[in-house]
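Asks: There's a structure below that I have some questions on.
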Amino acid sequence: MTDVQAILEKVTTKYGKQRSALMPALQAIVKEKNYLSDEDIVAVAKTFDLSTAEVYGTATFYTFLDTVPRGKYVIRVCKTISCHMSGKDEIIEALQNTLKIKVGETTVDKKFSLLTANCMGWCHKGPVMLVNDDVYPELTPQKAIEIIQSYQQK
Amino acid sequence: MSNYMVNLKINNIPVSVPEGTTILDAAKKLNFRIPTLCYHEDLSVAGNCRVCVVEQVGARLLQAACAVPVSEGMEILTNSTKVRQARKHIIELLLSEHRADCTECYKNGNCELQDLAHEYGVNQHLFIDLARKRNYTIDRSSPSIIKDDSRCIRCQRCVRTCDELQGVSALAVAYKGDHQKISTFFEHPMFEVVCTNCGQCINRCPTGALIEKTYIEEVWDALNDPNKHVVVQTAPAVRIGLGEVLGYDPGERVTGKMVTALKLLGFDSVLDTDFTADLTIMEEGTELLTRLKKALVDKEPVALPMMTSCSPGWIKFQEHLFPNLLDNLSTCKSPQQMFGALAKTYYAQKRGIDPKNIVSVSIMPCTAKKFEANRPEMRASGYQDVDYVLTTRELGLMIKQAGIDFMKLPDSPYDSIMGESTGAGVIFGATGGVMEAALRTAYEIVTGREVPFRNLNITPVRGFEGIREATVKIEGCLPEWSFLEGVELKVAVAHGLANAKKLMQAVSDGTVSYHFIEVMACPGGCLGGGGQPIPTNLEIRSKRAEAIYAEDESMPLRKSHENPEVHMIYQEFLGKPLSHKSHDLLHTHYKARKRY
């Protein structure tokens with residue numbers, strides 16, 4: 001049994017095989033594998049008796065359901081207006097310089113991916129970024145670099 | 001729909017409609033046309049394009065007429081200044097995301113967006129031309145369908161068509177917001193996904209985002225090449241659809257004019273797919289009786305129910321979705337491909353023409369036929385059996401290009417050989433038609449008597465119900481068919497692949513039992529095919545069906561086994577149905593394809 005099937009079995013035991021269980025299934029796979037591969041989506045489509053295009057459509061609708069390989073740590077900098085006004089561009093620049101990648105890219109060692117995301121609801125404490133599920137509010141370029149360095153040592 | 005009537009006013013005119021009626025339909029009742037783009041009568045309501053907005057007196061926001069049901073006392077204005085201005089802006093916004101170089105577009109002149117732009121006097125670009133700033137792709141991988149994202153306005157009619165009518169969902173909505181696009185699985189080329197090439201999406205695309213791949217120039221080249229002998233075959237449903245492209249109302253039979261036009265275009269021989277439809281009945285009818293004999297007498301394992309194989313969209317659907325039932329498909333090629341194989345063998349021999357100089361063209365109501373002609377299995381003559389497949393629409397365009405005043409043309413008969421047909425051949429163009437034609441012949445082979453339906457019209461298999469079934473009791477068999485005495489032949493008919501899917505699931509699960517099943521990929525059968533004139537809706541398809549059955553009744557011969565040219569080809573060339581030669585030329589095999 002491949003790992004994706006093990007994940008799917010867990011999800012379907014809990015939520016069933018109706019279409020409504022599609023989201024938890026996709027989320028569970030992304031949590032384990034960081035992204036949805038071609039084969040993962042085929043496995044999901046088979047499990048829920050959906051077309052692969054439909055599952056792909058659902059997956060691509062959500063920013064947090066990646067369909068391309070990502071690094072171990074996915075950094076998402078909020079790009080919405082409040083964070084923009086409080087300096088998200090400087091944060092992104094600092095991260096790009098530290099990681100030597102551009103937004104949308106992954107480091108060669110597959111450790112970090114740098115992405116932007118829409119509003120995370122932290123407008124009062126912007127600029128803000130996520131590293132996987134952890135939130136880092138009130139960033140400065142220096143703080144952002146230090147946070148990334150702590151992950152580099154992990 | 002509820003019996004409860006709701007009273008409202010539209011443009012100050014009172015109207016009373018059943019509860020649940022949309023504003024759009026209520027307005028239609030008063031003959032007010034409200035413009036639409038994402039709305040289509042055959043599909044569920046999406047309400048995403050907003051072009052149908054109307055003003056409700058007293059309400060702050062405009063309402064989408066296609067999606068909002070009427071309510072008591074409502075006062076609707078369909079043409080106020082506010083409405084007109086909003087619609088104009090909506091159209092301008094849609095155009096800002098649409099590559100509107102109309103003269104380069106195949107749909108120029110038959111485009112709903114273009115019509116609306118004209119109607120609302122959109123003559124300046126108010127918004128940024130976004131279409132040109134995007135990296136769009138044009139997918140030409142399929143031999144049937146071209147998908148041009150730069151012309152897509154994301155109305156999602158194609159997505160709903162592929163899901164609701166066809167049960168395939170090769171296309172889905174991917175991404176969101178300004179990145180939203182209509183996509184296949186992982187944006188793979190159309191040729192590599194579960195697409196059946198049925199072309200129903202093309203019939204419902206309001207712009208030029210989904211069109212058929214055209215082969216018009218290739219056909220002109222062949223016609224202009226003095227060394228080529230160009231034969232053309234016309235499918236049953238073309239003769240009742242072509243008129244719509246050339247000025248007639250739906251339901252006009254233009255068989256004779258079409259033949260004249262094809263001769264004027266320069267085809268060397270104008271022949272009829274109906275001939276090979278009749279031949280299909282001989283082969284497929286015999287195949288069915290053989291399978292029944294194997295099952296009932298020899299007690300051999302044999303795949304039943306047998307299923308028709310005329311519709312290439314249906315075949316590819318089965319190869320993708322129900323590969324477990326491939327043995328149930330009749331091994332008969334479709335009439336198009338039987339014709340192709342015979343054109344470069346039998347016809348070539350009889351006419352003394354080297355088959356390498358024959359160019360075989362077919363006019364089809366279908367886009368899947370373009371794919372079918374390109375299948376590697378379809379080279380029985382030693383050449384590609386059918387060289388070019390044109391849709392009804394493409395033929396209409398060629399006739400226009402040639403400057404032929406179609407409506408004034410006299411009628412001409414088909415050429416010979418392979419131009420003779422019966423009414424049984426022509427009804428192949430309607431859902432249930434192959435079944436009816438097969439029953440007319442099989443019943444008579446077995447009993448020596450005509451099928452016991454008034455005027456040969458087997459009405460239980462006709463109509464537009466998604467899945468229909470019928471039982472024909474076989475009585476008074478001829479001695480050699482005595483094993484069928486008293487057998488109740490159970491048949492089923494489905495059209496539209498979503499219906500086929502339900503039926504196939506039931507067959508797979510063993511919850512139903514039939515002897516023979518006819519499936520046509522497109523709603524209404526070939527008359528509603530993906531290559532037929534646009535637009536399409538139930539009313540248009542009904543008129544085309546009436547025309548098909550009228551054509552059948554007008555024919556002197558109405559049973560395939562009475563076709564004299566069919567007799568002749570068996571005598572001179574094929575021997576008998578299911579002969580060795582038949583197998584080589586007229587039968588084929590199928591291959592399982594990926595469902596996911």
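Lettering and numbering for the structure tokens are positional, with chains as A, B, ... in the shown order, residues counted from 1 in each chain, and ligands counted from 1 in the shown order.
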Please find the residues of chain A near chain B - the criterion being any atom within 12 Å, counting only C-alpha atoms - and write them as a PyMOL selection string.
Replies: chain A and resi 36-68+118
Asks: Store the residues of this selection in a file with C-alpha atoms, as a PDB file, in the first residue's frame.
Replies:
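And here's out_36.pdb as it stands now:
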ATOM      1  CA  LEU A  36      -0.441  16.926  -4.414  1.00  0.00           C
ATOM      2  CA  SER A  37       1.275  15.000  -7.158  1.00  0.00           C
ATOM      3  CA  ASP A  38      -0.290  13.742 -10.362  1.00  0.00           C
ATOM      4  CA  GLU A  39      -0.543  10.252  -8.827  1.00  0.00           C
ATOM      5  CA  ASP A  40      -2.022  11.568  -5.587  1.00  0.00           C
ATOM      6  CA  ILE A  41      -4.846  13.268  -7.472  1.00  0.00           C
ATOM      7  CA  VAL A  42      -5.507  10.111  -9.485  1.00  0.00           C
ATOM      8  CA  ALA A  43      -5.731   8.160  -6.224  1.00  0.00           C
ATOM      9  CA  VAL A  44      -8.143  10.714  -4.770  1.00  0.00           C
ATOM     10  CA  ALA A  45     -10.295  10.690  -7.932  1.00  0.00           C
ATOM     11  CA  LYS A  46     -10.507   6.902  -7.793  1.00  0.00           C
ATOM     12  CA  THR A  47     -11.425   6.919  -4.124  1.00  0.00           C
ATOM     13  CA  PHE A  48     -14.222   9.457  -4.506  1.00  0.00           C
ATOM     14  CA  ASP A  49     -15.331   8.396  -8.017  1.00  0.00           C
ATOM     15  CA  LEU A  50     -14.659  11.857  -9.424  1.00  0.00           C
ATOM     16  CA  SER A  51     -12.904  12.900 -12.588  1.00  0.00           C
ATOM     17  CA  THR A  52      -9.263  13.852 -12.174  1.00  0.00           C
ATOM     18  CA  ALA A  53     -10.011  17.266 -13.689  1.00  0.00           C
ATOM     19  CA  GLU A  54     -12.576  17.959 -10.976  1.00  0.00           C
ATOM     20  CA  VAL A  55     -10.144  17.074  -8.197  1.00  0.00           C
ATOM     21  CA  TYR A  56      -7.458  19.144  -9.881  1.00  0.00           C
ATOM     22  CA  GLY A  57      -9.916  22.036 -10.110  1.00  0.00           C
ATOM     23  CA  THR A  58     -10.652  21.834  -6.409  1.00  0.00           C
ATOM     24  CA  ALA A  59      -6.990  21.562  -5.495  1.00  0.00           C
ATOM     25  CA  THR A  60      -5.945  24.557  -7.585  1.00  0.00           C
ATOM     26  CA  PHE A  61      -8.740  26.718  -6.164  1.00  0.00           C
ATOM     27  CA  TYR A  62      -7.084  26.704  -2.750  1.00  0.00           C
ATOM     28  CA  THR A  63      -3.755  28.470  -2.261  1.00  0.00           C
ATOM     29  CA  PHE A  64      -2.847  26.096   0.538  1.00  0.00           C
ATOM     30  CA  LEU A  65      -3.325  22.960  -1.564  1.00  0.00           C
ATOM     31  CA  ASP A  66      -0.181  22.929  -3.641  1.00  0.00           C
ATOM     32  CA  THR A  67       0.047  20.959  -6.866  1.00  0.00           C
ATOM     33  CA  VAL A  68       3.774  21.472  -7.347  1.00  0.00           C
ATOM     34  CA  ASN A 118      -3.858  36.514   0.639  1.00  0.00           C
TER      35      ASN A 118
END
Asks: List every residue of range 14-152 of chain A that DSSP, applied to the backbone of this structure, places in strand (DSSP E), and write the result as a list in words.
Replies: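 After running DSSP on the backbone, range 14-152 of chain A has strand (DSSP E) at Tyr73, Val74, Ile75, Arg76, Val77, Cys78, Phe112, Ser113, Leu114, Leu115, Thr116, Ala117, Met129, Leu130, Val131, Asp134, Val135 and Tyr136 of chain A.
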Asks: Let's have the selection written as a CSV table (one decimal), in the first residue's frame, with N, CA and C atoms.
Replies:
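Everything below was put into result21.csv:
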chain,number,residue,atom,x,y,z
A,73,TYR,N,9.9,23.6,4.4
A,73,TYR,CA,9.2,24.7,5.1
A,73,TYR,C,8.6,25.7,4.0
A,74,VAL,N,7.4,25.9,4.1
A,74,VAL,CA,6.7,26.8,3.1
A,74,VAL,C,6.5,28.1,3.8
A,75,ILE,N,7.1,29.1,3.3
A,75,ILE,CA,7.0,30.5,3.8
A,75,ILE,C,5.9,31.2,3.0
A,76,ARG,N,4.9,31.7,3.6
A,76,ARG,CA,3.9,32.5,2.9
A,76,ARG,C,3.8,33.9,3.5
A,77,VAL,N,4.2,34.9,2.7
A,77,VAL,CA,4.1,36.2,3.1
A,77,VAL,C,2.8,36.8,2.7
A,78,CYS,N,2.1,37.5,3.6
A,78,CYS,CA,0.8,38.1,3.3
A,78,CYS,C,1.0,39.2,2.3
A,112,PHE,N,13.3,25.3,1.7
A,112,PHE,CA,12.3,26.4,1.8
A,112,PHE,C,11.7,26.7,0.5
A,113,SER,N,10.4,27.0,0.5
A,113,SER,CA,9.7,27.6,-0.6
A,113,SER,C,9.2,28.9,-0.2
A,114,LEU,N,9.3,29.9,-1.1
A,114,LEU,CA,8.9,31.3,-0.7
A,114,LEU,C,7.6,31.6,-1.6
A,115,LEU,N,6.5,31.8,-0.9
A,115,LEU,CA,5.3,32.1,-1.6
A,115,LEU,C,4.6,33.4,-1.0
A,116,THR,N,3.6,33.9,-1.7
A,116,THR,CA,2.8,34.9,-1.1
A,116,THR,C,1.4,34.4,-0.9
A,117,ALA,N,0.6,35.0,0.0
A,117,ALA,CA,-0.7,34.5,0.2
A,117,ALA,C,-1.6,35.7,0.5
A,129,MET,N,3.9,36.7,8.2
A,129,MET,CA,4.2,35.5,7.4
A,129,MET,C,3.9,34.2,8.1
A,130,LEU,N,3.7,33.2,7.3
A,130,LEU,CA,3.5,31.9,7.9
A,130,LEU,C,4.7,31.0,7.5
A,131,VAL,N,5.2,30.2,8.4
A,131,VAL,CA,6.1,29.2,8.0
A,131,VAL,C,5.4,27.9,8.4
A,134,ASP,N,3.0,28.0,11.4
A,134,ASP,CA,3.3,28.9,12.4
A,134,ASP,C,3.2,30.4,11.9
A,135,VAL,N,2.6,31.2,12.7
A,135,VAL,CA,2.4,32.6,12.3
A,135,VAL,C,3.5,33.5,12.9
A,136,TYR,N,4.0,34.4,12.1
A,136,TYR,CA,5.0,35.4,12.6
A,136,TYR,C,4.5,36.8,12.3
Asks: Do you have the CA of Pro189 in chain B-CA of Lys147 in chain B distance handy?
Replies: 9.4 Å
Asks: Work out how far apart CA of Val30 in chain A and CA of Ile7 in chain A are and give it in Å to one decimal.
Replies: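 Computing the Euclidean distance for CA of Val30 in chain A and CA of Ile7 in chain A yields 10.3 Å.
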Asks: In Å to one decimal, how far is CA of Lys501 in chain B from CA of Gly423 in chain B?
Replies: 29.4 Å
Asks: Extract, using only C-alpha atoms, all DNA, RNA and protein residues at most 9 Å from range 75-91 of chain B, discarding same-chain residues fewer than 3 positions from it, and format them as JSON, numbers by chain.
Replies: {"B": [8, 9, 10, 11, 12, 14, 23, 27, 32, 33, 34, 35, 49, 50, 51, 52, 53, 54, 55, 56, 57, 58, 62, 65, 94, 95, 96, 113, 116, 117, 120, 121, 122, 126]}
Asks: Which of these residues is nearest to Leu99 in chain A, using only C-alpha atoms: A:His84, A:Ala25, A:Gly71, A:Glu9?
Replies: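 Once distances to Leu99 in chain A are computed over only C-alpha atoms, the minimum belongs to A:Gly71.
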